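Note: the block below is protein_35.cif and it holds mmCIF, N, CA and C atoms and all ligand atoms; chains and numbers go by the auth columns.
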data_entry
#
loop_
_atom_site.group_PDB
_atom_site.id
_atom_site.type_symbol
_atom_site.label_atom_id
_atom_site.label_comp_id
_atom_site.label_asym_id
_atom_site.label_seq_id
_atom_site.Cartn_x
_atom_site.Cartn_y
_atom_site.Cartn_z
_atom_site.B_iso_or_equiv
_atom_site.auth_seq_id
_atom_site.auth_asym_id
ATOM 1 N N MET A 1 -16.441 -81.891 -16.249 0.00 559 Q
ATOM 2 C CA MET A 1 -16.194 -83.199 -16.872 0.00 559 Q
ATOM 3 C C MET A 1 -14.735 -83.282 -17.343 0.00 559 Q
ATOM 4 N N THR A 2 -14.111 -84.386 -17.062 0.00 560 Q
ATOM 5 C CA THR A 2 -12.714 -84.533 -17.449 0.00 560 Q
ATOM 6 C C THR A 2 -12.612 -84.972 -18.908 0.00 560 Q
ATOM 7 N N LEU A 3 -11.437 -84.790 -19.441 0.00 561 Q
ATOM 8 C CA LEU A 3 -11.192 -85.173 -20.823 0.00 561 Q
ATOM 9 C C LEU A 3 -11.442 -86.670 -21.007 0.00 561 Q
ATOM 10 N N ARG A 4 -11.108 -87.426 -19.960 0.00 562 Q
ATOM 11 C CA ARG A 4 -11.326 -88.865 -20.024 0.00 562 Q
ATOM 12 C C ARG A 4 -12.808 -89.178 -20.219 0.00 562 Q
ATOM 13 N N ASP A 5 -13.662 -88.455 -19.509 0.00 563 Q
ATOM 14 C CA ASP A 5 -15.108 -88.649 -19.645 0.00 563 Q
ATOM 15 C C ASP A 5 -15.570 -88.283 -21.045 0.00 563 Q
ATOM 16 N N VAL A 6 -14.989 -87.213 -21.561 0.00 564 Q
ATOM 17 C CA VAL A 6 -15.345 -86.777 -22.909 0.00 564 Q
ATOM 18 C C VAL A 6 -14.974 -87.848 -23.918 0.00 564 Q
ATOM 19 N N MET A 7 -13.776 -88.410 -23.747 0.00 565 Q
ATOM 20 C CA MET A 7 -13.334 -89.443 -24.682 0.00 565 Q
ATOM 21 C C MET A 7 -14.248 -90.672 -24.597 0.00 565 Q
ATOM 22 N N LYS A 8 -14.706 -90.960 -23.377 0.00 566 Q
ATOM 23 C CA LYS A 8 -15.598 -92.093 -23.180 0.00 566 Q
ATOM 24 C C LYS A 8 -16.917 -91.851 -23.930 0.00 566 Q
ATOM 25 N N TYR A 9 -17.400 -90.617 -23.844 0.00 567 Q
ATOM 26 C CA TYR A 9 -18.635 -90.252 -24.524 0.00 567 Q
ATOM 27 C C TYR A 9 -18.457 -90.394 -26.038 0.00 567 Q
ATOM 28 N N MET A 10 -17.300 -89.952 -26.512 0.00 568 Q
ATOM 29 C CA MET A 10 -17.032 -90.025 -27.947 0.00 568 Q
ATOM 30 C C MET A 10 -16.964 -91.478 -28.409 0.00 568 Q
ATOM 31 N N GLU A 11 -16.453 -92.332 -27.543 0.00 569 Q
ATOM 32 C CA GLU A 11 -16.393 -93.748 -27.864 0.00 569 Q
ATOM 33 C C GLU A 11 -17.787 -94.311 -28.125 0.00 569 Q
ATOM 34 N N SER A 12 -18.756 -93.878 -27.299 0.00 570 Q
ATOM 35 C CA SER A 12 -20.117 -94.370 -27.479 0.00 570 Q
ATOM 36 C C SER A 12 -20.716 -93.820 -28.763 0.00 570 Q
ATOM 37 N N GLU A 13 -20.256 -92.638 -29.169 0.00 571 Q
ATOM 38 C CA GLU A 13 -20.715 -92.106 -30.458 0.00 571 Q
ATOM 39 C C GLU A 13 -20.181 -92.960 -31.607 0.00 571 Q
ATOM 40 N N TYR A 14 -18.933 -93.390 -31.473 0.00 572 Q
ATOM 41 C CA TYR A 14 -18.356 -94.251 -32.503 0.00 572 Q
ATOM 42 C C TYR A 14 -19.103 -95.575 -32.570 0.00 572 Q
ATOM 43 N N ASN A 15 -19.561 -96.042 -31.396 0.00 573 Q
ATOM 44 C CA ASN A 15 -20.361 -97.269 -31.373 0.00 573 Q
ATOM 45 C C ASN A 15 -21.636 -97.099 -32.172 0.00 573 Q
ATOM 46 N N ILE A 16 -22.266 -95.933 -32.033 0.00 574 Q
ATOM 47 C CA ILE A 16 -23.493 -95.656 -32.778 0.00 574 Q
ATOM 48 C C ILE A 16 -23.196 -95.674 -34.277 0.00 574 Q
ATOM 49 N N ILE A 17 -22.094 -95.038 -34.661 0.00 575 Q
ATOM 50 C CA ILE A 17 -21.711 -95.007 -36.083 0.00 575 Q
ATOM 51 C C ILE A 17 -21.452 -96.421 -36.586 0.00 575 Q
ATOM 52 N N ASN A 18 -20.721 -97.194 -35.781 0.00 576 Q
ATOM 53 C CA ASN A 18 -20.380 -98.561 -36.186 0.00 576 Q
ATOM 54 C C ASN A 18 -21.612 -99.450 -36.295 0.00 576 Q
ATOM 55 N N ASN A 19 -22.663 -99.092 -35.554 0.00 577 Q
ATOM 56 C CA ASN A 19 -23.879 -99.904 -35.575 0.00 577 Q
ATOM 57 C C ASN A 19 -24.912 -99.374 -36.559 0.00 577 Q
ATOM 58 N N THR A 20 -24.546 -98.339 -37.310 0.00 578 Q
ATOM 59 C CA THR A 20 -25.439 -97.808 -38.322 0.00 578 Q
ATOM 60 C C THR A 20 -24.982 -98.288 -39.693 0.00 578 Q
ATOM 61 N N PRO A 21 -25.765 -99.168 -40.320 0.00 579 Q
ATOM 62 C CA PRO A 21 -25.355 -99.666 -41.636 0.00 579 Q
ATOM 63 C C PRO A 21 -25.554 -98.628 -42.731 0.00 579 Q
ATOM 64 N N CYS A 22 -24.759 -98.717 -43.762 0.00 580 Q
ATOM 65 C CA CYS A 22 -24.875 -97.837 -44.917 0.00 580 Q
ATOM 66 C C CYS A 22 -26.282 -97.935 -45.504 0.00 580 Q
ATOM 67 N N GLU A 23 -26.867 -96.767 -45.811 0.00 581 Q
ATOM 68 C CA GLU A 23 -28.228 -96.730 -46.348 0.00 581 Q
ATOM 69 C C GLU A 23 -28.314 -97.367 -47.736 0.00 581 Q
ATOM 70 N N VAL A 24 -27.202 -97.416 -48.415 0.00 582 Q
ATOM 71 C CA VAL A 24 -27.203 -97.901 -49.796 0.00 582 Q
ATOM 72 C C VAL A 24 -26.893 -99.397 -49.870 0.00 582 Q
ATOM 73 N N CYS A 25 -25.811 -99.815 -49.224 0.00 583 Q
ATOM 74 C CA CYS A 25 -25.382 -101.201 -49.402 0.00 583 Q
ATOM 75 C C CYS A 25 -25.316 -101.994 -48.100 0.00 583 Q
ATOM 76 N N GLY A 26 -25.486 -101.330 -46.955 0.00 584 Q
ATOM 77 C CA GLY A 26 -25.532 -102.051 -45.690 0.00 584 Q
ATOM 78 C C GLY A 26 -24.176 -102.297 -45.050 0.00 584 Q
ATOM 79 N N ASP A 27 -23.113 -101.774 -45.657 0.00 585 Q
ATOM 80 C CA ASP A 27 -21.780 -101.916 -45.081 0.00 585 Q
ATOM 81 C C ASP A 27 -21.628 -100.968 -43.880 0.00 585 Q
ATOM 82 N N THR A 28 -20.515 -101.053 -43.194 0.00 586 Q
ATOM 83 C CA THR A 28 -20.302 -100.231 -42.002 0.00 586 Q
ATOM 84 C C THR A 28 -19.514 -98.969 -42.357 0.00 586 Q
ATOM 85 N N TYR A 29 -20.006 -97.830 -41.869 0.00 587 Q
ATOM 86 C CA TYR A 29 -19.330 -96.564 -42.148 0.00 587 Q
ATOM 87 C C TYR A 29 -17.986 -96.486 -41.428 0.00 587 Q
ATOM 88 N N VAL A 30 -17.058 -95.769 -42.016 0.00 588 Q
ATOM 89 C CA VAL A 30 -15.838 -95.412 -41.316 0.00 588 Q
ATOM 90 C C VAL A 30 -15.792 -93.892 -41.194 0.00 588 Q
ATOM 91 N N THR A 31 -15.219 -93.415 -40.099 0.00 589 Q
ATOM 92 C CA THR A 31 -15.150 -91.973 -39.863 0.00 589 Q
ATOM 93 C C THR A 31 -13.997 -91.373 -40.654 0.00 589 Q
ATOM 94 N N GLU A 32 -14.322 -90.385 -41.475 0.00 590 Q
ATOM 95 C CA GLU A 32 -13.298 -89.738 -42.291 0.00 590 Q
ATOM 96 C C GLU A 32 -12.757 -88.506 -41.613 0.00 590 Q
ATOM 97 N N ASN A 33 -13.664 -87.768 -40.989 0.00 591 Q
ATOM 98 C CA ASN A 33 -13.274 -86.489 -40.417 0.00 591 Q
ATOM 99 C C ASN A 33 -14.122 -86.233 -39.180 0.00 591 Q
ATOM 100 N N PHE A 34 -13.513 -85.561 -38.229 0.00 592 Q
ATOM 101 C CA PHE A 34 -14.217 -85.319 -36.988 0.00 592 Q
ATOM 102 C C PHE A 34 -14.032 -83.855 -36.601 0.00 592 Q
ATOM 103 N N ASP A 35 -15.112 -83.229 -36.190 0.00 593 Q
ATOM 104 C CA ASP A 35 -14.988 -81.828 -35.793 0.00 593 Q
ATOM 105 C C ASP A 35 -15.973 -81.519 -34.676 0.00 593 Q
ATOM 106 N N ILE A 36 -15.676 -80.469 -33.968 0.00 594 Q
ATOM 107 C CA ILE A 36 -16.606 -80.005 -32.945 0.00 594 Q
ATOM 108 C C ILE A 36 -17.070 -78.617 -33.346 0.00 594 Q
ATOM 109 N N ALA A 37 -18.367 -78.429 -33.387 0.00 595 Q
ATOM 110 C CA ALA A 37 -18.917 -77.162 -33.856 0.00 595 Q
ATOM 111 C C ALA A 37 -19.787 -76.524 -32.793 0.00 595 Q
ATOM 112 N N LEU A 38 -19.730 -75.215 -32.736 0.00 596 Q
ATOM 113 C CA LEU A 38 -20.626 -74.464 -31.877 0.00 596 Q
ATOM 114 C C LEU A 38 -21.745 -73.909 -32.744 0.00 596 Q
ATOM 115 N N ILE A 39 -22.975 -74.375 -32.506 0.00 597 Q
ATOM 116 C CA ILE A 39 -24.119 -73.886 -33.268 0.00 597 Q
ATOM 117 C C ILE A 39 -25.111 -73.278 -32.291 0.00 597 Q
ATOM 118 N N GLU A 40 -25.313 -71.998 -32.380 0.00 598 Q
ATOM 119 C CA GLU A 40 -26.217 -71.288 -31.475 0.00 598 Q
ATOM 120 C C GLU A 40 -25.940 -71.627 -30.011 0.00 598 Q
ATOM 121 N N ASP A 41 -24.654 -71.531 -29.641 0.00 599 Q
ATOM 122 C CA ASP A 41 -24.217 -71.769 -28.262 0.00 599 Q
ATOM 123 C C ASP A 41 -24.346 -73.216 -27.804 0.00 599 Q
ATOM 124 N N MET A 42 -24.659 -74.097 -28.726 0.00 600 Q
ATOM 125 C CA MET A 42 -24.710 -75.519 -28.406 0.00 600 Q
ATOM 126 C C MET A 42 -23.511 -76.192 -29.054 0.00 600 Q
ATOM 127 N N THR A 43 -22.952 -77.152 -28.324 0.00 601 Q
ATOM 128 C CA THR A 43 -21.795 -77.855 -28.852 0.00 601 Q
ATOM 129 C C THR A 43 -22.226 -79.138 -29.555 0.00 601 Q
ATOM 130 N N TYR A 44 -21.702 -79.343 -30.731 0.00 602 Q
ATOM 131 C CA TYR A 44 -22.021 -80.547 -31.486 0.00 602 Q
ATOM 132 C C TYR A 44 -20.752 -81.236 -31.936 0.00 602 Q
ATOM 133 N N ASP A 45 -20.769 -82.565 -31.854 0.00 603 Q
ATOM 134 C CA ASP A 45 -19.745 -83.358 -32.509 0.00 603 Q
ATOM 135 C C ASP A 45 -20.224 -83.647 -33.914 0.00 603 Q
ATOM 136 N N ILE A 46 -19.400 -83.325 -34.872 0.00 604 Q
ATOM 137 C CA ILE A 46 -19.743 -83.589 -36.262 0.00 604 Q
ATOM 138 C C ILE A 46 -18.811 -84.674 -36.783 0.00 604 Q
ATOM 139 N N CYS A 47 -19.368 -85.813 -37.162 0.00 605 Q
ATOM 140 C CA CYS A 47 -18.564 -86.905 -37.694 0.00 605 Q
ATOM 141 C C CYS A 47 -18.913 -87.115 -39.162 0.00 605 Q
ATOM 142 N N GLU A 48 -17.940 -86.891 -40.004 0.00 606 Q
ATOM 143 C CA GLU A 48 -18.141 -87.159 -41.425 0.00 606 Q
ATOM 144 C C GLU A 48 -17.713 -88.587 -41.700 0.00 606 Q
ATOM 145 N N CYS A 49 -18.683 -89.386 -42.145 0.00 607 Q
ATOM 146 C CA CYS A 49 -18.408 -90.802 -42.355 0.00 607 Q
ATOM 147 C C CYS A 49 -18.620 -91.162 -43.822 0.00 607 Q
ATOM 148 N N VAL A 50 -17.919 -92.216 -44.224 0.00 608 Q
ATOM 149 C CA VAL A 50 -18.064 -92.677 -45.589 0.00 608 Q
ATOM 150 C C VAL A 50 -18.138 -94.196 -45.582 0.00 608 Q
ATOM 151 N N CYS A 51 -18.919 -94.742 -46.494 0.00 609 Q
ATOM 152 C CA CYS A 51 -18.999 -96.188 -46.632 0.00 609 Q
ATOM 153 C C CYS A 51 -17.822 -96.654 -47.483 0.00 609 Q
ATOM 154 N N PRO A 52 -16.994 -97.563 -46.946 0.00 610 Q
ATOM 155 C CA PRO A 52 -15.809 -98.007 -47.693 0.00 610 Q
ATOM 156 C C PRO A 52 -16.174 -98.866 -48.894 0.00 610 Q
ATOM 157 N N ASN A 53 -17.390 -99.376 -48.912 0.00 611 Q
ATOM 158 C CA ASN A 53 -17.797 -100.273 -49.988 0.00 611 Q
ATOM 159 C C ASN A 53 -18.331 -99.510 -51.205 0.00 611 Q
ATOM 160 N N CYS A 54 -19.285 -98.590 -50.965 0.00 612 Q
ATOM 161 C CA CYS A 54 -19.923 -97.924 -52.108 0.00 612 Q
ATOM 162 C C CYS A 54 -19.637 -96.427 -52.153 0.00 612 Q
ATOM 163 N N GLY A 55 -18.982 -95.894 -51.101 0.00 613 Q
ATOM 164 C CA GLY A 55 -18.594 -94.491 -51.126 0.00 613 Q
ATOM 165 C C GLY A 55 -19.677 -93.528 -50.675 0.00 613 Q
ATOM 166 N N HIS A 56 -20.809 -94.064 -50.213 0.00 614 Q
ATOM 167 C CA HIS A 56 -21.896 -93.219 -49.731 0.00 614 Q
ATOM 168 C C HIS A 56 -21.445 -92.453 -48.485 0.00 614 Q
ATOM 169 N N GLU A 57 -21.717 -91.155 -48.459 0.00 615 Q
ATOM 170 C CA GLU A 57 -21.277 -90.339 -47.340 0.00 615 Q
ATOM 171 C C GLU A 57 -22.429 -89.995 -46.413 0.00 615 Q
ATOM 172 N N LYS A 58 -22.146 -89.953 -45.138 0.00 616 Q
ATOM 173 C CA LYS A 58 -23.165 -89.598 -44.154 0.00 616 Q
ATOM 174 C C LYS A 58 -22.515 -88.781 -43.051 0.00 616 Q
ATOM 175 N N ILE A 59 -23.216 -87.752 -42.615 0.00 617 Q
ATOM 176 C CA ILE A 59 -22.708 -86.931 -41.527 0.00 617 Q
ATOM 177 C C ILE A 59 -23.526 -87.197 -40.267 0.00 617 Q
ATOM 178 N N PHE A 60 -22.841 -87.599 -39.233 0.00 618 Q
ATOM 179 C CA PHE A 60 -23.484 -87.822 -37.940 0.00 618 Q
ATOM 180 C C PHE A 60 -23.268 -86.590 -37.071 0.00 618 Q
ATOM 181 N N GLU A 61 -24.340 -86.110 -36.472 0.00 619 Q
ATOM 182 C CA GLU A 61 -24.223 -84.983 -35.541 0.00 619 Q
ATOM 183 C C GLU A 61 -24.672 -85.444 -34.168 0.00 619 Q
ATOM 184 N N PHE A 62 -23.840 -85.183 -33.197 0.00 620 Q
ATOM 185 C CA PHE A 62 -24.195 -85.533 -31.829 0.00 620 Q
ATOM 186 C C PHE A 62 -24.195 -84.273 -30.982 0.00 620 Q
ATOM 187 N N HIS A 63 -25.285 -84.068 -30.293 0.00 621 Q
ATOM 188 C CA HIS A 63 -25.345 -82.938 -29.369 0.00 621 Q
ATOM 189 C C HIS A 63 -24.404 -83.243 -28.203 0.00 621 Q
ATOM 190 N N ALA A 64 -23.525 -82.346 -27.905 0.00 622 Q
ATOM 191 C CA ALA A 64 -22.522 -82.579 -26.858 0.00 622 Q
ATOM 192 C C ALA A 64 -22.574 -81.474 -25.815 0.00 622 Q
ATOM 193 N N PRO A 65 -23.589 -81.484 -24.967 0.00 623 Q
ATOM 194 C CA PRO A 65 -23.784 -80.396 -24.009 0.00 623 Q
ATOM 195 C C PRO A 65 -22.737 -80.399 -22.899 0.00 623 Q
ATOM 196 N N PHE A 66 -22.011 -81.523 -22.786 0.00 624 Q
ATOM 197 C CA PHE A 66 -21.062 -81.674 -21.691 0.00 624 Q
ATOM 198 C C PHE A 66 -19.759 -80.947 -21.955 0.00 624 Q
ATOM 199 N N ILE A 67 -19.535 -80.571 -23.195 0.00 625 Q
ATOM 200 C CA ILE A 67 -18.256 -79.953 -23.522 0.00 625 Q
ATOM 201 C C ILE A 67 -18.340 -78.444 -23.263 0.00 625 Q
ATOM 202 N N ASP A 68 -17.555 -77.961 -22.318 0.00 626 Q
ATOM 203 C CA ASP A 68 -17.487 -76.513 -22.145 0.00 626 Q
ATOM 204 C C ASP A 68 -16.269 -75.996 -22.902 0.00 626 Q
ATOM 205 N N GLU A 69 -16.060 -74.708 -22.800 0.00 627 Q
ATOM 206 C CA GLU A 69 -15.035 -74.103 -23.645 0.00 627 Q
ATOM 207 C C GLU A 69 -13.635 -74.639 -23.353 0.00 627 Q
ATOM 208 N N ASP A 70 -13.366 -74.907 -22.069 0.00 628 Q
ATOM 209 C CA ASP A 70 -12.050 -75.432 -21.714 0.00 628 Q
ATOM 210 C C ASP A 70 -11.843 -76.827 -22.275 0.00 628 Q
ATOM 211 N N ASP A 71 -12.889 -77.660 -22.149 0.00 629 Q
ATOM 212 C CA ASP A 71 -12.815 -79.004 -22.705 0.00 629 Q
ATOM 213 C C ASP A 71 -12.549 -78.935 -24.201 0.00 629 Q
ATOM 214 N N LEU A 72 -13.250 -78.025 -24.829 0.00 630 Q
ATOM 215 C CA LEU A 72 -13.139 -77.866 -26.274 0.00 630 Q
ATOM 216 C C LEU A 72 -11.710 -77.557 -26.681 0.00 630 Q
ATOM 217 N N LYS A 73 -11.089 -76.649 -25.920 0.00 631 Q
ATOM 218 C CA LYS A 73 -9.697 -76.283 -26.210 0.00 631 Q
ATOM 219 C C LYS A 73 -8.777 -77.467 -26.025 0.00 631 Q
ATOM 220 N N ASN A 74 -8.963 -78.197 -24.908 0.00 632 Q
ATOM 221 C CA ASN A 74 -8.142 -79.360 -24.639 0.00 632 Q
ATOM 222 C C ASN A 74 -8.291 -80.409 -25.732 0.00 632 Q
ATOM 223 N N LEU A 75 -9.541 -80.601 -26.107 0.00 633 Q
ATOM 224 C CA LEU A 75 -9.860 -81.619 -27.093 0.00 633 Q
ATOM 225 C C LEU A 75 -9.240 -81.284 -28.441 0.00 633 Q
ATOM 226 N N LYS A 76 -9.367 -80.018 -28.819 0.00 634 Q
ATOM 227 C CA LYS A 76 -8.805 -79.580 -30.102 0.00 634 Q
ATOM 228 C C LYS A 76 -7.292 -79.786 -30.089 0.00 634 Q
ATOM 229 N N LYS A 77 -6.692 -79.488 -28.934 0.00 635 Q
ATOM 230 C CA LYS A 77 -5.252 -79.665 -28.788 0.00 635 Q
ATOM 231 C C LYS A 77 -4.896 -81.119 -28.984 0.00 635 Q
ATOM 232 N N LYS A 78 -5.704 -81.979 -28.375 0.00 636 Q
ATOM 233 C CA LYS A 78 -5.429 -83.415 -28.435 0.00 636 Q
ATOM 234 C C LYS A 78 -5.610 -83.942 -29.847 0.00 636 Q
ATOM 235 N N LEU A 79 -6.627 -83.440 -30.529 0.00 637 Q
ATOM 236 C CA LEU A 79 -6.909 -83.913 -31.888 0.00 637 Q
ATOM 237 C C LEU A 79 -5.863 -83.409 -32.870 0.00 637 Q
ATOM 238 N N ASN A 80 -5.318 -82.250 -32.602 0.00 638 Q
ATOM 239 C CA ASN A 80 -4.265 -81.717 -33.468 0.00 638 Q
ATOM 240 C C ASN A 80 -2.940 -82.291 -33.031 0.00 638 Q
HETATM 241 ZN ZN ZN B . -22.436 -98.435 -48.870 0.00 1 A
#

Let me see whether you can do it: turn the structure in this file into structure tokens.
Amino acid sequence: MTLRDVMKYMESEYNIINNTPCEVCGDTYVTENFDIALIEDMTYDICECVCPNCGHEKIFEFHAPFIDEDDLKNLKKKLN
């Protein structure tokens, strides 16, 4: 999978976040921090989100089986 495909996948994750209303006040979350984690050999996108209205925090985890180690390195490079 190319980096472009990965970015496309991440875009759809952002769509999910944008379409998830805050549990407390119903506002739209914004992404504060983004990370990729390896948990038991599985790759996960971890998105730390916060509600700009009431400050409620929510962590979105997306299973990302498409990211192999090379993609991960490229992605980290791009994010840094
Ligand atoms: Zn809120």

Exercise: segment 593-606 of chain Q partners within 6 Å, only C-alpha atoms, chain neighbours under 2 positions left out, as a ChimeraX atom specification:
/Q:589-591,617-623

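Atom to atom, atom CA of Gly584 of chain Q and atom CA of His614 of chain Q stand 10.4 Å apart.
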
For the file shown, what are the residues hit by the PyMOL selection byres (((not hetatm) and name CA) within 8 of (chain A and resi 1)), laid out as a PDB file with N, CA and C atoms, in the coordinates of the input?
ATOM      1  N   PRO Q 579     -25.765 -99.168 -40.320  1.00  0.00           N
ATOM      2  CA  PRO Q 579     -25.355 -99.666 -41.636  1.00  0.00           C
ATOM      3  C   PRO Q 579     -25.554 -98.628 -42.731  1.00  0.00           C
ATOM      4  N   CYS Q 580     -24.759 -98.717 -43.762  1.00  0.00           N
ATOM      5  CA  CYS Q 580     -24.875 -97.837 -44.917  1.00  0.00           C
ATOM      6  C   CYS Q 580     -26.282 -97.935 -45.504  1.00  0.00           C
ATOM      7  N   GLU Q 581     -26.867 -96.767 -45.811  1.00  0.00           N
ATOM      8  CA  GLU Q 581     -28.228 -96.730 -46.348  1.00  0.00           C
ATOM      9  C   GLU Q 581     -28.314 -97.367 -47.736  1.00  0.00           C
ATOM     10  N   VAL Q 582     -27.202 -97.416 -48.415  1.00  0.00           N
ATOM     11  CA  VAL Q 582     -27.203 -97.901 -49.796  1.00  0.00           C
ATOM     12  C   VAL Q 582     -26.893 -99.397 -49.870  1.00  0.00           C
ATOM     13  N   CYS Q 583     -25.811 -99.815 -49.224  1.00  0.00           N
ATOM     14  CA  CYS Q 583     -25.382-101.201 -49.402  1.00  0.00           C
ATOM     15  C   CYS Q 583     -25.316-101.994 -48.100  1.00  0.00           C
ATOM     16  N   GLY Q 584     -25.486-101.330 -46.955  1.00  0.00           N
ATOM     17  CA  GLY Q 584     -25.532-102.051 -45.690  1.00  0.00           C
ATOM     18  C   GLY Q 584     -24.176-102.297 -45.050  1.00  0.00           C
ATOM     19  N   ASP Q 585     -23.113-101.774 -45.657  1.00  0.00           N
ATOM     20  CA  ASP Q 585     -21.780-101.916 -45.081  1.00  0.00           C
ATOM     21  C   ASP Q 585     -21.628-100.968 -43.880  1.00  0.00           C
ATOM     22  N   THR Q 586     -20.515-101.053 -43.194  1.00  0.00           N
ATOM     23  CA  THR Q 586     -20.302-100.231 -42.002  1.00  0.00           C
ATOM     24  C   THR Q 586     -19.514 -98.969 -42.357  1.00  0.00           C
ATOM     25  N   TYR Q 587     -20.006 -97.830 -41.869  1.00  0.00           N
ATOM     26  CA  TYR Q 587     -19.330 -96.564 -42.148  1.00  0.00           C
ATOM     27  C   TYR Q 587     -17.986 -96.486 -41.428  1.00  0.00           C
ATOM     28  N   VAL Q 608     -17.919 -92.216 -44.224  1.00  0.00           N
ATOM     29  CA  VAL Q 608     -18.064 -92.677 -45.589  1.00  0.00           C
ATOM     30  C   VAL Q 608     -18.138 -94.196 -45.582  1.00  0.00           C
ATOM     31  N   CYS Q 609     -18.919 -94.742 -46.494  1.00  0.00           N
ATOM     32  CA  CYS Q 609     -18.999 -96.188 -46.632  1.00  0.00           C
ATOM     33  C   CYS Q 609     -17.822 -96.654 -47.483  1.00  0.00           C
ATOM     34  N   PRO Q 610     -16.994 -97.563 -46.946  1.00  0.00           N
ATOM     35  CA  PRO Q 610     -15.809 -98.007 -47.693  1.00  0.00           C
ATOM     36  C   PRO Q 610     -16.174 -98.866 -48.894  1.00  0.00           C
ATOM     37  N   ASN Q 611     -17.390 -99.376 -48.912  1.00  0.00           N
ATOM     38  CA  ASN Q 611     -17.797-100.273 -49.988  1.00  0.00           C
ATOM     39  C   ASN Q 611     -18.331 -99.510 -51.205  1.00  0.00           C
ATOM     40  N   CYS Q 612     -19.285 -98.590 -50.965  1.00  0.00           N
ATOM     41  CA  CYS Q 612     -19.923 -97.924 -52.108  1.00  0.00           C
ATOM     42  C   CYS Q 612     -19.637 -96.427 -52.153  1.00  0.00           C
ATOM     43  N   GLY Q 613     -18.982 -95.894 -51.101  1.00  0.00           N
ATOM     44  CA  GLY Q 613     -18.594 -94.491 -51.126  1.00  0.00           C
ATOM     45  C   GLY Q 613     -19.677 -93.528 -50.675  1.00  0.00           C
ATOM     46  N   HIS Q 614     -20.809 -94.064 -50.213  1.00  0.00           N
ATOM     47  CA  HIS Q 614     -21.896 -93.219 -49.731  1.00  0.00           C
ATOM     48  C   HIS Q 614     -21.445 -92.453 -48.485  1.00  0.00           C
TER      49      HIS Q 614
END

I need the residues of chain Q that end up classed as alpha helix (DSSP H) by DSSP on the backbone, written out as number ranges by chain.
Q: 561-576, 627-637

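Rounded to one decimal, atom CA of Cys607 of chain Q and atom CA of Ile575 of chain Q lie 8.2 Å from each other.
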
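We find atom CA of Thr560 of chain Q and atom C of Lys635 of chain Q to be spaced 14.3 Å apart.
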
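Per DSSP on the backbone, strand (DSSP E) in chain Q comprises Val588, Thr589, Glu590, Asn591, Phe592, Asp593, Ile594, Ala595, Leu596, Ile597, Met600, Thr601, Tyr602, Asp603, Ile604, Cys605, Glu606, Cys607, Val608, Glu615, Lys616, Ile617, Phe618, Glu619, Phe620 and His621 of chain Q.
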
Include N, CA and C atoms and write out the residues we just selected as a short mmCIF file (atom, residue, chain, number, x, y, z; two decimals), keeping the file's coordinate frame.
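Saved as again-v9.cif:
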data_model
loop_
_atom_site.label_atom_id
_atom_site.label_comp_id
_atom_site.auth_asym_id
_atom_site.auth_seq_id
_atom_site.Cartn_x
_atom_site.Cartn_y
_atom_site.Cartn_z
N VAL Q 588 -17.06 -95.77 -42.02
CA VAL Q 588 -15.84 -95.41 -41.32
C VAL Q 588 -15.79 -93.89 -41.19
N THR Q 589 -15.22 -93.42 -40.10
CA THR Q 589 -15.15 -91.97 -39.86
C THR Q 589 -14.00 -91.37 -40.65
N GLU Q 590 -14.32 -90.38 -41.48
CA GLU Q 590 -13.30 -89.74 -42.29
C GLU Q 590 -12.76 -88.51 -41.61
N ASN Q 591 -13.66 -87.77 -40.99
CA ASN Q 591 -13.27 -86.49 -40.42
C ASN Q 591 -14.12 -86.23 -39.18
N PHE Q 592 -13.51 -85.56 -38.23
CA PHE Q 592 -14.22 -85.32 -36.99
C PHE Q 592 -14.03 -83.86 -36.60
N ASP Q 593 -15.11 -83.23 -36.19
CA ASP Q 593 -14.99 -81.83 -35.79
C ASP Q 593 -15.97 -81.52 -34.68
N ILE Q 594 -15.68 -80.47 -33.97
CA ILE Q 594 -16.61 -80.00 -32.94
C ILE Q 594 -17.07 -78.62 -33.35
N ALA Q 595 -18.37 -78.43 -33.39
CA ALA Q 595 -18.92 -77.16 -33.86
C ALA Q 595 -19.79 -76.52 -32.79
N LEU Q 596 -19.73 -75.22 -32.74
CA LEU Q 596 -20.63 -74.46 -31.88
C LEU Q 596 -21.74 -73.91 -32.74
N ILE Q 597 -22.98 -74.38 -32.51
CA ILE Q 597 -24.12 -73.89 -33.27
C ILE Q 597 -25.11 -73.28 -32.29
N MET Q 600 -24.66 -74.10 -28.73
CA MET Q 600 -24.71 -75.52 -28.41
C MET Q 600 -23.51 -76.19 -29.05
N THR Q 601 -22.95 -77.15 -28.32
CA THR Q 601 -21.80 -77.86 -28.85
C THR Q 601 -22.23 -79.14 -29.56
N TYR Q 602 -21.70 -79.34 -30.73
CA TYR Q 602 -22.02 -80.55 -31.49
C TYR Q 602 -20.75 -81.24 -31.94
N ASP Q 603 -20.77 -82.56 -31.85
CA ASP Q 603 -19.74 -83.36 -32.51
C ASP Q 603 -20.22 -83.65 -33.91
N ILE Q 604 -19.40 -83.32 -34.87
CA ILE Q 604 -19.74 -83.59 -36.26
C ILE Q 604 -18.81 -84.67 -36.78
N CYS Q 605 -19.37 -85.81 -37.16
CA CYS Q 605 -18.56 -86.90 -37.69
C CYS Q 605 -18.91 -87.12 -39.16
N GLU Q 606 -17.94 -86.89 -40.00
CA GLU Q 606 -18.14 -87.16 -41.42
C GLU Q 606 -17.71 -88.59 -41.70
N CYS Q 607 -18.68 -89.39 -42.14
CA CYS Q 607 -18.41 -90.80 -42.36
C CYS Q 607 -18.62 -91.16 -43.82
N VAL Q 608 -17.92 -92.22 -44.22
CA VAL Q 608 -18.06 -92.68 -45.59
C VAL Q 608 -18.14 -94.20 -45.58
N GLU Q 615 -21.72 -91.16 -48.46
CA GLU Q 615 -21.28 -90.34 -47.34
C GLU Q 615 -22.43 -90.00 -46.41
N LYS Q 616 -22.15 -89.95 -45.14
CA LYS Q 616 -23.16 -89.60 -44.15
C LYS Q 616 -22.52 -88.78 -43.05
N ILE Q 617 -23.22 -87.75 -42.62
CA ILE Q 617 -22.71 -86.93 -41.53
C ILE Q 617 -23.53 -87.20 -40.27
N PHE Q 618 -22.84 -87.60 -39.23
CA PHE Q 618 -23.48 -87.82 -37.94
C PHE Q 618 -23.27 -86.59 -37.07
N GLU Q 619 -24.34 -86.11 -36.47
CA GLU Q 619 -24.22 -84.98 -35.54
C GLU Q 619 -24.67 -85.44 -34.17
N PHE Q 620 -23.84 -85.18 -33.20
CA PHE Q 620 -24.20 -85.53 -31.83
C PHE Q 620 -24.20 -84.27 -30.98
N HIS Q 621 -25.28 -84.07 -30.29
CA HIS Q 621 -25.34 -82.94 -29.37
C HIS Q 621 -24.40 -83.24 -28.20
#
